[in-house]
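Asks: Just passing along the structure, written as structure tokens.
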Amino acid sequence: MGDVRSLRCRECGAEYSAGALYACEFCFGPLECVYDYGHIADRVDRAAIERGPKTLWRYGALLPVGDVPSRSLGTGYTPLVRAERLGAELGLPKLWIKDDTRNPTNSFKDRVTAVALAKAVELGFGTIACASTGNLANAVAAHAAKAGLRSFVFVPASIEDAKITSTAVYGGSVVTVDGNYDAVNRLCAEVAGTRPWAFVNVNLRPYYAEGSKTLAFETVEQLGWRAPDHCVVPVGSGSLLTKIDKGLKELHKVWLLEEEPHTRISGAQAAGCAPVSTAWAEHAERIKPVKPDTIAKSIAIGDPADGVYAIDVVNDTGGAFGTVTDEEILDAMKLLARTEGIFAETAGGVTIATLCQLAAAGTIRPDETVVAYVTGHGLKTLDAVHSEVETLKTTPRLEDFDAMLDAAGFVDADARAGLEPVLPFASSPSRFSEEDA
Ligand SMILES: *Cc1c(COP(=O)(O)O)cnc(C)c1O
Ligand SMILES: [Zn+2]
């Protein structure tokens, strides 16, 4: 399994042994896992991965954990769907959707949680905790239940009721905090200093973040071991975007990809919380924190920890950022559902709206193989779309149903095409009875 050599400061390069550490003692910079890629390359090949479990643990050699936990929820290896109908609407013939709604708790946060929890168990922690905008809370509570650990999740009191209920049901402690995510995060950093708990995205953040790389690994394997030309990624803290880039590059370092990938990576933010895309557009040196106000609550992080690194990745790879309004987010959620049969949460709407924006601007080109990351399920943010959809109303009487369709101006294309209604009794003998006779 994983061959993490050490942790390294992203700012000054200081190296530490791979324990429960997350900030550099010299410069307070964030720490990142360092691997012995030469050693990993000697041990992995495509065939071995393809024989592995149909979960993210098939890439265990590139994850920072010794052993796969014996009890786990089966995270990852979600479908990469060819999006022909959406692609046709956007003029992108080679469009794919990575459908991460199909994880144990219906968001990509199962990936980061699976890896952080495995590391927490390895380090001997009994309580697992997090600061969350909702999805991470779902994941931590569920994975802790399966592993038999105690859990404490902290969320802003203002998140969707559905996310609070669907977290509390797993039996851990849900703490709603009177404040936004940034305040919740500060509280958790303080609690982490006073209690011996494994906060997956605070004191275990270097390991947590590595879980996101599996989205890149799976994408490449599912494309037949080819890197995509362009990825569109939603941005909250910016961690996911930077790790998709890291994951793609690692595949080349361990020779699972012969050629160095040249994947352009574009970021997606909601206009109501766009500190990263704004700093990118203004070529600012630093990110100015904002107060979030958007329906895309799962990525509403006003002071994003990895924002500057996400901007570096977007600039270095030749990507761009999209900034989309709540109205565009809702339209995009409906567009994705109507064309591909995938119901995404608001953050998925941010991704698809950005895809539309960047395709219209010509930034994403028709010749590119494009992968859009849909990271959470629509049932998590049902309230946002509730008033956006229409239903038809009738009494149980057939005449009323027909009158209602007439009033709505419904044209029956199937009847026009000569299709007949299916009647309950066959008017001619079926083939079966002919043979029997
Ligand atoms: C957390 C989250 C993201 C973004 O993650 P970051 O790593 O914080 O940028 C994207 N989509 C969904 C649904 C999320 O819950
Ligand atoms: Zn440092």
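Please note that chains go A, B, ... in the order of the structure tokens, that every chain numbers its residues from 1, and that ligands are numbered from 1 in the order shown.
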If we count only C-alpha atoms, what is near range 149-152 of chain A at a cut-off of 8 Å, once residues fewer than 6 positions away on the same chain are taken out, given as an mmCIF file with all heavy atoms, in the first residue's frame?
Replies:
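Result file selection.cif:
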data_model
loop_
_atom_site.group_PDB
_atom_site.id
_atom_site.type_symbol
_atom_site.label_atom_id
_atom_site.label_comp_id
_atom_site.auth_asym_id
_atom_site.auth_seq_id
_atom_site.Cartn_x
_atom_site.Cartn_y
_atom_site.Cartn_z
ATOM 1 N N GLY A 126 -9.602 7.665 18.033
ATOM 2 C CA GLY A 126 -10.898 7.027 18.282
ATOM 3 C C GLY A 126 -12.066 7.900 17.888
ATOM 4 O O GLY A 126 -13.190 7.427 17.733
ATOM 5 N N THR A 127 -11.802 9.215 17.739
ATOM 6 C CA THR A 127 -12.862 10.153 17.355
ATOM 7 C C THR A 127 -12.455 10.859 16.078
ATOM 8 O O THR A 127 -11.329 11.332 15.942
ATOM 9 C CB THR A 127 -13.093 11.199 18.467
ATOM 10 O OG1 THR A 127 -13.508 10.520 19.646
ATOM 11 C CG2 THR A 127 -14.173 12.201 18.067
ATOM 12 N N ILE A 128 -13.382 10.907 15.131
ATOM 13 C CA ILE A 128 -13.125 11.560 13.853
ATOM 14 C C ILE A 128 -14.073 12.754 13.762
ATOM 15 O O ILE A 128 -15.232 12.673 14.162
ATOM 16 C CB ILE A 128 -13.234 10.550 12.689
ATOM 17 C CG1 ILE A 128 -13.092 11.203 11.336
ATOM 18 C CG2 ILE A 128 -14.456 9.717 12.752
ATOM 19 C CD1 ILE A 128 -12.795 10.187 10.232
ATOM 20 N N ALA A 129 -13.554 13.875 13.270
ATOM 21 C CA ALA A 129 -14.329 15.120 13.292
ATOM 22 C C ALA A 129 -14.067 15.920 12.016
ATOM 23 O O ALA A 129 -13.180 15.586 11.232
ATOM 24 C CB ALA A 129 -13.924 15.944 14.519
ATOM 25 N N CYS A 130 -14.872 16.952 11.798
ATOM 26 C CA CYS A 130 -14.639 17.830 10.645
ATOM 27 C C CYS A 130 -15.377 19.147 10.800
ATOM 28 O O CYS A 130 -16.335 19.253 11.561
ATOM 29 C CB CYS A 130 -15.112 17.160 9.344
ATOM 30 S SG CYS A 130 -16.898 16.963 9.227
ATOM 31 N N VAL A 140 -18.387 11.996 6.850
ATOM 32 C CA VAL A 140 -17.676 11.651 8.091
ATOM 33 C C VAL A 140 -18.590 10.862 9.021
ATOM 34 O O VAL A 140 -18.193 9.835 9.588
ATOM 35 C CB VAL A 140 -17.125 12.927 8.774
ATOM 36 C CG1 VAL A 140 -16.711 12.646 10.217
ATOM 37 C CG2 VAL A 140 -15.933 13.471 7.986
ATOM 38 N N ALA A 141 -19.839 11.290 9.166
ATOM 39 C CA ALA A 141 -20.763 10.600 10.074
ATOM 40 C C ALA A 141 -21.005 9.164 9.599
ATOM 41 O O ALA A 141 -21.012 8.225 10.398
ATOM 42 C CB ALA A 141 -22.073 11.365 10.171
ATOM 43 N N GLY A 172 -23.769 10.043 15.064
ATOM 44 C CA GLY A 172 -22.675 10.803 15.669
ATOM 45 C C GLY A 172 -23.202 12.116 16.224
ATOM 46 O O GLY A 172 -24.409 12.340 16.267
ATOM 47 N N SER A 173 -22.292 12.987 16.670
ATOM 48 C CA SER A 173 -22.723 14.289 17.171
ATOM 49 C C SER A 173 -22.634 15.328 16.065
ATOM 50 O O SER A 173 -21.576 15.519 15.468
ATOM 51 C CB SER A 173 -21.843 14.732 18.333
ATOM 52 O OG SER A 173 -21.908 13.766 19.360
ATOM 53 N N VAL A 174 -23.773 15.991 15.806
ATOM 54 C CA VAL A 174 -23.790 17.078 14.833
ATOM 55 C C VAL A 174 -23.868 18.381 15.618
ATOM 56 O O VAL A 174 -24.787 18.569 16.413
ATOM 57 C CB VAL A 174 -25.005 16.981 13.895
ATOM 58 C CG1 VAL A 174 -25.026 18.155 12.912
ATOM 59 C CG2 VAL A 174 -24.996 15.654 13.151
ATOM 60 N N VAL A 175 -22.881 19.259 15.408
ATOM 61 C CA VAL A 175 -22.861 20.529 16.113
ATOM 62 C C VAL A 175 -23.157 21.633 15.102
ATOM 63 O O VAL A 175 -22.372 21.846 14.172
ATOM 64 C CB VAL A 175 -21.477 20.781 16.754
ATOM 65 C CG1 VAL A 175 -21.496 22.051 17.594
ATOM 66 C CG2 VAL A 175 -21.050 19.584 17.591
#
Asks: For ligand 2, collect every residue having any atom at a distance of at most 7 Å from a ligand atom (counting only C-alpha atoms and all ligand atoms); output as a CSV table (one decimal) with C-alpha atoms, in the first residue's frame.
Replies:
chain,number,residue,atom,x,y,z
A,9,CYS,CA,5.7,22.4,3.4
A,10,ARG,CA,4.3,23.9,0.2
A,11,GLU,CA,5.8,27.3,1.0
A,12,CYS,CA,9.4,26.7,2.3
A,13,GLY,CA,9.9,23.0,1.5
A,14,ALA,CA,10.7,21.9,5.1
A,24,CYS,CA,4.9,24.1,8.9
A,25,GLU,CA,6.5,25.1,12.2
A,26,PHE,CA,8.7,27.6,10.4
A,27,CYS,CA,6.3,29.4,8.1
A,28,PHE,CA,2.8,28.0,9.0
A,29,GLY,CA,2.5,26.8,5.3
Asks: Just want the 9 Å neighbourhood of Thr214 in chain A, counted on only C-alpha atoms, with same-chain residues fewer than 4 positions away dropped. Output as a list in words.
Replies: Leu56, Trp57, Tyr59, Leu62, Leu63, Gly76, Tyr77, Arg111, Glu210, Glu218, Thr219, Lys243, Ile244 and Gly247 of chain A
Asks: Give me the chain A side of the contact with ligand 1, cut-off 7 Å, one line per residue showing its nearest atom pair and distance in Å at one decimal, counting only C-alpha atoms and all ligand atoms, sorted by chain and residue number, as JSON lines.
Replies:
{"residue": "A:Ser107", "atom": "CA", "partner": "ligand 1", "partner_atom_place_in_ligand_line": "13 (C)", "distance": 5.7}
{"residue": "A:Phe108", "atom": "CA", "partner": "ligand 1", "partner_atom_place_in_ligand_line": "13 (C)", "distance": 6.5}
{"residue": "A:Lys109", "atom": "CA", "partner": "ligand 1", "partner_atom_place_in_ligand_line": "15 (O)", "distance": 5.9}
{"residue": "A:Asn135", "atom": "CA", "partner": "ligand 1", "partner_atom_place_in_ligand_line": "15 (O)", "distance": 4.9}
{"residue": "A:Leu136", "atom": "CA", "partner": "ligand 1", "partner_atom_place_in_ligand_line": "15 (O)", "distance": 6.5}
{"residue": "A:Pro234", "atom": "CA", "partner": "ligand 1", "partner_atom_place_in_ligand_line": "10 (C)", "distance": 5.0}
{"residue": "A:Val235", "atom": "CA", "partner": "ligand 1", "partner_atom_place_in_ligand_line": "9 (O)", "distance": 4.0}
{"residue": "A:Gly236", "atom": "CA", "partner": "ligand 1", "partner_atom_place_in_ligand_line": "9 (O)", "distance": 3.5}
{"residue": "A:Ser237", "atom": "CA", "partner": "ligand 1", "partner_atom_place_in_ligand_line": "8 (O)", "distance": 3.6}
{"residue": "A:Gly238", "atom": "CA", "partner": "ligand 1", "partner_atom_place_in_ligand_line": "9 (O)", "distance": 3.6}
{"residue": "A:Ser239", "atom": "CA", "partner": "ligand 1", "partner_atom_place_in_ligand_line": "7 (O)", "distance": 3.7}
{"residue": "A:Leu240", "atom": "CA", "partner": "ligand 1", "partner_atom_place_in_ligand_line": "7 (O)", "distance": 3.7}
{"residue": "A:Leu241", "atom": "CA", "partner": "ligand 1", "partner_atom_place_in_ligand_line": "9 (O)", "distance": 6.3}
{"residue": "A:Ser298", "atom": "CA", "partner": "ligand 1", "partner_atom_place_in_ligand_line": "15 (O)", "distance": 4.8}
{"residue": "A:Ile299", "atom": "CA", "partner": "ligand 1", "partner_atom_place_in_ligand_line": "3 (C)", "distance": 5.3}
{"residue": "A:Glu345", "atom": "CA", "partner": "ligand 1", "partner_atom_place_in_ligand_line": "13 (C)", "distance": 6.9}
{"residue": "A:Ala347", "atom": "CA", "partner": "ligand 1", "partner_atom_place_in_ligand_line": "13 (C)", "distance": 5.2}
{"residue": "A:Gly348", "atom": "CA", "partner": "ligand 1", "partner_atom_place_in_ligand_line": "13 (C)", "distance": 6.7}
{"residue": "A:Thr375", "atom": "CA", "partner": "ligand 1", "partner_atom_place_in_ligand_line": "13 (C)", "distance": 4.4}
{"residue": "A:Gly376", "atom": "CA", "partner": "ligand 1", "partner_atom_place_in_ligand_line": "13 (C)", "distance": 4.2}
Asks: Among range 38-284 of chain A, which residues does DSSP mark as strand (DSSP E or B) when it is run on the backbone? Keep the chain and numbering as in the structure and answer as a PyMOL selection string.
Replies: chain A and resi 80-82+95-99+107+127-131+150-156+173-177+198-199+230-234+264-270+273
Asks: Could you tell me how far CA of Ala281 in chain A lies from CA of Ile301 in chain A, in Å and to one decimal?
Replies: 18.0 Å
Asks: What is the distance, in Å and to one decimal place, between CA of Ala372 in chain A and CA of Val232 in chain A?
Replies: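 CA of Val232 in chain A lies 4.8 Å from CA of Ala372 in chain A.
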Asks: Return as a ChimeraX atom specification the full set of residues in range 180-408 of chain A whose backbone-based DSSP assignment is alpha helix (DSSP H).
Replies: /A:181-192,205-210,213-222,239-253,275-281,307-317,326-340,346-360,382-386,398-407
Asks: Give me the residues near range 154-163 of chain A as a list in words, where near means some atom within 6 Å (using only C-alpha atoms) and where sequence neighbours in that chain fewer than 3 positions away do not count.
Replies: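 Here the qualifying residues turn out to be Ala131, Ser132, Thr133, Gly134, Ser166, Val175, Thr176, Val177, Asp178, Gly179, Asn180 and Tyr181 of chain A.
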Asks: Would you put the residues from that selection into a file with N, CA and C atoms, as a PDB file, in the first residue's frame?
Replies:
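What ended up in out36.pdb:
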ATOM      1  N   ALA A 131     -14.901  20.142  10.029  1.00  0.00           N
ATOM      2  CA  ALA A 131     -15.652  21.376   9.790  1.00  0.00           C
ATOM      3  C   ALA A 131     -16.244  21.201   8.402  1.00  0.00           C
ATOM      4  N   SER A 132     -17.543  21.451   8.241  1.00  0.00           N
ATOM      5  CA  SER A 132     -18.157  21.096   6.965  1.00  0.00           C
ATOM      6  C   SER A 132     -19.203  22.104   6.515  1.00  0.00           C
ATOM      7  N   THR A 133     -19.374  22.182   5.190  1.00  0.00           N
ATOM      8  CA  THR A 133     -20.502  22.931   4.638  1.00  0.00           C
ATOM      9  C   THR A 133     -21.682  21.979   4.400  1.00  0.00           C
ATOM     10  N   GLY A 134     -21.539  20.700   4.772  1.00  0.00           N
ATOM     11  CA  GLY A 134     -22.666  19.765   4.664  1.00  0.00           C
ATOM     12  C   GLY A 134     -22.277  18.403   4.136  1.00  0.00           C
ATOM     13  N   SER A 166     -29.681  14.184   7.254  1.00  0.00           N
ATOM     14  CA  SER A 166     -29.026  13.018   6.663  1.00  0.00           C
ATOM     15  C   SER A 166     -27.624  12.821   7.226  1.00  0.00           C
ATOM     16  N   VAL A 175     -22.881  19.259  15.408  1.00  0.00           N
ATOM     17  CA  VAL A 175     -22.861  20.529  16.113  1.00  0.00           C
ATOM     18  C   VAL A 175     -23.157  21.633  15.102  1.00  0.00           C
ATOM     19  N   THR A 176     -24.307  22.301  15.242  1.00  0.00           N
ATOM     20  CA  THR A 176     -24.595  23.424  14.343  1.00  0.00           C
ATOM     21  C   THR A 176     -24.050  24.685  15.011  1.00  0.00           C
ATOM     22  N   VAL A 177     -23.355  25.471  14.231  1.00  0.00           N
ATOM     23  CA  VAL A 177     -22.659  26.641  14.761  1.00  0.00           C
ATOM     24  C   VAL A 177     -23.302  27.905  14.197  1.00  0.00           C
ATOM     25  N   ASP A 178     -23.535  28.841  15.078  1.00  0.00           N
ATOM     26  CA  ASP A 178     -24.120  30.111  14.669  1.00  0.00           C
ATOM     27  C   ASP A 178     -23.022  30.961  14.020  1.00  0.00           C
ATOM     28  N   GLY A 179     -22.790  30.750  12.717  1.00  0.00           N
ATOM     29  CA  GLY A 179     -21.721  31.450  12.005  1.00  0.00           C
ATOM     30  C   GLY A 179     -21.530  30.789  10.656  1.00  0.00           C
ATOM     31  N   ASN A 180     -20.780  31.433   9.736  1.00  0.00           N
ATOM     32  CA  ASN A 180     -20.559  30.828   8.419  1.00  0.00           C
ATOM     33  C   ASN A 180     -19.426  29.800   8.481  1.00  0.00           C
ATOM     34  N   TYR A 181     -19.135  29.178   7.311  1.00  0.00           N
ATOM     35  CA  TYR A 181     -18.148  28.095   7.305  1.00  0.00           C
ATOM     36  C   TYR A 181     -16.795  28.553   7.836  1.00  0.00           C
TER      37      TYR A 181
END
Asks: Which residues are close to range 382-397 of chain A, i.e. within 12 Å by only C-alpha atoms, leaving aside same-chain residues fewer than 4 positions away? Reply as a PyMOL selection string.
Replies: chain A and resi 159-163+294-297+326-327+329-335+337-338+343-347+349+376-378+401-408+410
Asks: For C-alpha atoms, I'd like the residues from the last selection saved as a compact mmCIF listing (two decimals), in the first residue's frame.
Replies:
# COMPACT_ATOMS: atom_id res chain seq x y z
CA ILE A 159 -27.05 24.85 5.74
CA GLU A 160 -29.85 22.81 4.17
CA ASP A 161 -32.08 20.87 6.62
CA ALA A 162 -31.71 17.82 4.40
CA LYS A 163 -27.96 17.78 4.99
CA THR A 294 -25.22 31.74 -2.84
CA ILE A 295 -27.40 28.64 -3.21
CA ALA A 296 -24.19 26.67 -3.83
CA LYS A 297 -23.62 26.22 -0.10
CA ASP A 326 -27.52 31.50 -8.89
CA GLU A 327 -29.94 31.72 -11.83
CA ILE A 329 -26.70 27.47 -11.57
CA LEU A 330 -30.40 26.50 -11.49
CA ASP A 331 -30.64 26.54 -15.29
CA ALA A 332 -27.56 24.34 -15.51
CA MET A 333 -28.94 21.84 -12.97
CA LYS A 334 -32.07 21.53 -15.10
CA LEU A 335 -30.06 21.32 -18.33
CA ALA A 337 -31.00 16.62 -15.67
CA ARG A 338 -32.94 17.12 -18.93
CA PHE A 343 -29.61 15.25 -10.90
CA ALA A 344 -26.76 17.30 -9.47
CA GLU A 345 -26.70 19.48 -6.41
CA THR A 346 -26.11 23.22 -6.70
CA ALA A 347 -22.31 22.75 -6.80
CA GLY A 349 -24.87 23.36 -11.33
CA GLY A 376 -22.86 16.05 -5.33
CA HIS A 377 -26.43 14.78 -5.67
CA GLY A 378 -29.47 17.00 -6.24
CA PHE A 401 -56.80 14.50 -17.88
CA ASP A 402 -57.50 14.94 -21.63
CA ALA A 403 -58.89 18.44 -21.08
CA MET A 404 -55.85 19.37 -19.03
CA LEU A 405 -53.47 18.21 -21.80
CA ASP A 406 -55.50 20.13 -24.42
CA ALA A 407 -55.43 23.25 -22.27
CA ALA A 408 -51.66 22.90 -21.91
CA PHE A 410 -49.89 19.26 -25.68
Asks: Nearest residue to Tyr35 in chain A out of A:Val254, A:Ala227, A:Ala353, A:Ile49, using only C-alpha atoms?
Replies: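 Counting only C-alpha atoms, the residue closest to Tyr35 in chain A is A:Val254.
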Asks: Which residue, A:Ala216, A:Val169, A:Val153, A:Ala116, has the smallest gap to Ala137 in chain A when you use only C-alpha atoms?
Replies: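 Between A:Ala216, A:Val169, A:Val153, A:Ala116, the residue approaching Ala137 in chain A most closely is A:Val153.
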Asks: Extract, using only C-alpha atoms, all DNA, RNA and protein residues at most 9 Å from Glu84 in chain A, discarding same-chain residues fewer than 5 positions from it, and format them as a list in words.
Replies: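 Here the answer would be Glu89, Leu92, Pro93, Lys94, Leu95, Trp96, Thr339 and Glu340 of chain A.
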Asks: Do you know which residues are at most 9 Å from Arg205 in chain A counting only C-alpha atoms, after dropping those on the same chain fewer than 3 positions away, and could you put them as a list in words?
Replies: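 My list of contacting residues is Leu21, Tyr22, Pro30, Leu31, Glu32, Ala116, Phe199, Val200, Asn201, Val202, Tyr208, Ala209 and Glu210 of chain A.
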